[in-house]
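Enquirer: Just dropping this structure here.
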Amino acid sequence: NRRKIKNAALISGTDYDSKTASDNFIKRIKNANKAVPVLFPFDTATADLNGLIDEIMKANTEDIILFEHPENSLKLISRMRQRKIMLPVFGSFSLIDENKLTEQELKNLGDIVMISSGHLPGSKGLAFRREFQQKYGNPPGIEASFAFDGMNLLIEAIRDAGLDREKIQKSMAKIRYEGVTGPIQFDSKGNRRGDVGLMEFKNGNPIAIN
């Protein structure tokens, strides 16, 4: 809405998660009566990157939305930058999985706007970042931060409820926890509550977009 984009290219992997994400995204776009992006399935086993980019440009694309694995996204973005194509790129947090990409590869992703949980690390997150850096010699990525919070949530729920599975679930449902990724609580379906935010990934670092 802010950028008044009408012609978007949605590039989706052929795996189950990517297809599900892209299908739901298109459904929500249609329900909002917005311009539906042109879908480009991306199968790395058979993909012709230059051919795909040519097709994207023929569609008069104003931006690119990625639902793809980090390694494949990096290949596509790198090839686009080599061809001096500097279209804005939007994606999910999964694009910056530090278990799939090195720190240098994350920087090579360039400027990408991503969906986040709406919270950048506060004092607790910064303390976790410092301790992680001291112990492992590199800063924690998104996967490490969410995994740390997830494990601490489970530990707190087990302390409260014991080892009974149903009691643990009930404890998780009412939990209010301040994690390294921000405040955490869940709705009736088990989804994390909170406003969805946007952040831009610059030189390997997430920066909140106001």
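Residues are referred to by chain and number: the chain letter is A, B, ... according to the order shown in the structure tokens, the number counts from 1 in that chain, and ligands are numbered separately from 1 in the order shown.
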Would you return as a ChimeraX atom specification the members of region 1-203 of chain A that DSSP assigns to strand (DSSP E or B) on this structure's backbone?
Expert: /A:8-13,38-42,63-67,89-91,112-116,177-179,182-184,186,192,197-202
Enquirer: Which residues are close to region 169-185 of chain A, i.e. within 9 Å by only C-alpha atoms, leaving aside same-chain residues fewer than 5 positions away? Reply as number ranges by chain.
Expert: A: 117-129, 142, 145-146, 148-150, 152-154, 156-158, 160-161, 164, 190-194
Enquirer: Quick one: everything within 10 Å of Thr61 (chain A), counting only C-alpha atoms, minus sequence neighbours fewer than 4 positions away in the same chain. Send it as a list in words.
Expert: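 Skipping anything fewer than 4 positions along the chain leaves Ile5, Lys6, Asn7, Ala8, Ala9, Leu10, Pro37, Val38, Glu55, Ile56, Met57, Leu87 and Pro88 of chain A.
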Enquirer: Grab the residues selected above and save them as a CSV table (one decimal), in the first residue's frame with N, CA, C and O atoms.
Expert:
chain,number,residue,atom,x,y,z
A,5,ILE,N,2.3,-0.4,-5.1
A,5,ILE,CA,2.8,-1.4,-6.0
A,5,ILE,C,1.6,-2.2,-6.6
A,5,ILE,O,0.7,-2.6,-5.9
A,6,LYS,N,1.5,-2.3,-7.9
A,6,LYS,CA,0.4,-2.9,-8.6
A,6,LYS,C,0.9,-4.2,-9.4
A,6,LYS,O,0.1,-5.1,-9.6
A,7,ASN,N,2.1,-4.2,-9.8
A,7,ASN,CA,2.6,-5.4,-10.5
A,7,ASN,C,3.8,-6.1,-9.7
A,7,ASN,O,4.9,-5.6,-9.8
A,8,ALA,N,3.4,-7.1,-9.0
A,8,ALA,CA,4.4,-7.8,-8.2
A,8,ALA,C,4.6,-9.2,-8.7
A,8,ALA,O,3.7,-9.8,-9.3
A,9,ALA,N,5.8,-9.7,-8.5
A,9,ALA,CA,6.1,-11.1,-8.9
A,9,ALA,C,6.3,-11.9,-7.6
A,9,ALA,O,7.1,-11.5,-6.8
A,10,LEU,N,5.5,-13.0,-7.5
A,10,LEU,CA,5.6,-13.8,-6.4
A,10,LEU,C,6.4,-15.1,-6.8
A,10,LEU,O,5.9,-15.9,-7.6
A,37,PRO,N,-0.4,-10.8,-7.4
A,37,PRO,CA,0.9,-10.9,-8.1
A,37,PRO,C,1.0,-12.0,-9.1
A,37,PRO,O,0.2,-13.0,-8.9
A,38,VAL,N,1.9,-11.9,-10.0
A,38,VAL,CA,2.1,-13.0,-11.0
A,38,VAL,C,3.0,-14.1,-10.3
A,38,VAL,O,4.0,-13.8,-9.7
A,55,GLU,N,11.6,-13.5,-17.6
A,55,GLU,CA,10.1,-13.6,-17.5
A,55,GLU,C,9.6,-12.6,-16.5
A,55,GLU,O,8.5,-12.0,-16.7
A,56,ILE,N,10.3,-12.5,-15.4
A,56,ILE,CA,9.9,-11.5,-14.4
A,56,ILE,C,9.9,-10.1,-14.9
A,56,ILE,O,8.9,-9.3,-14.7
A,57,MET,N,10.9,-9.8,-15.7
A,57,MET,CA,11.0,-8.4,-16.2
A,57,MET,C,10.0,-8.2,-17.3
A,57,MET,O,9.5,-7.0,-17.5
A,87,LEU,N,15.3,-4.4,-8.1
A,87,LEU,CA,13.9,-4.4,-7.7
A,87,LEU,C,13.8,-4.6,-6.2
A,87,LEU,O,14.6,-5.4,-5.6
A,88,PRO,N,12.9,-4.0,-5.5
A,88,PRO,CA,12.7,-4.3,-4.1
A,88,PRO,C,12.3,-5.7,-3.9
A,88,PRO,O,11.6,-6.3,-4.7
Enquirer: Tell me, in Å to one decimal, how far CA of Tyr16 (chain A) is from CA of Lys75 (chain A).
Expert: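 Taking CA of Tyr16 (chain A) and CA of Lys75 (chain A), their separation equals 20.2 Å.
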Enquirer: Rounded to one decimal in Å, what is the spacing between CA of Thr14 (chain A) and CA of Ala32 (chain A)?
Expert: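 Pair CA of Thr14 (chain A) / CA of Ala32 (chain A) returns 25.2 Å.
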Enquirer: Which of these residues is nearest to Ala47 (chain A), using only C-alpha atoms: A:Arg159, A:Leu198, A:Arg165, A:Gly13?
Expert: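 Residue with the minimum atom-to-atom distance to Ala47 (chain A): A:Gly13.
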Enquirer: Interatomic distance between CA of Met151 (chain A) and CA of His69 (chain A)?
Expert: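 One can read the CA of Met151 (chain A) to CA of His69 (chain A) distance as 24.2 Å.
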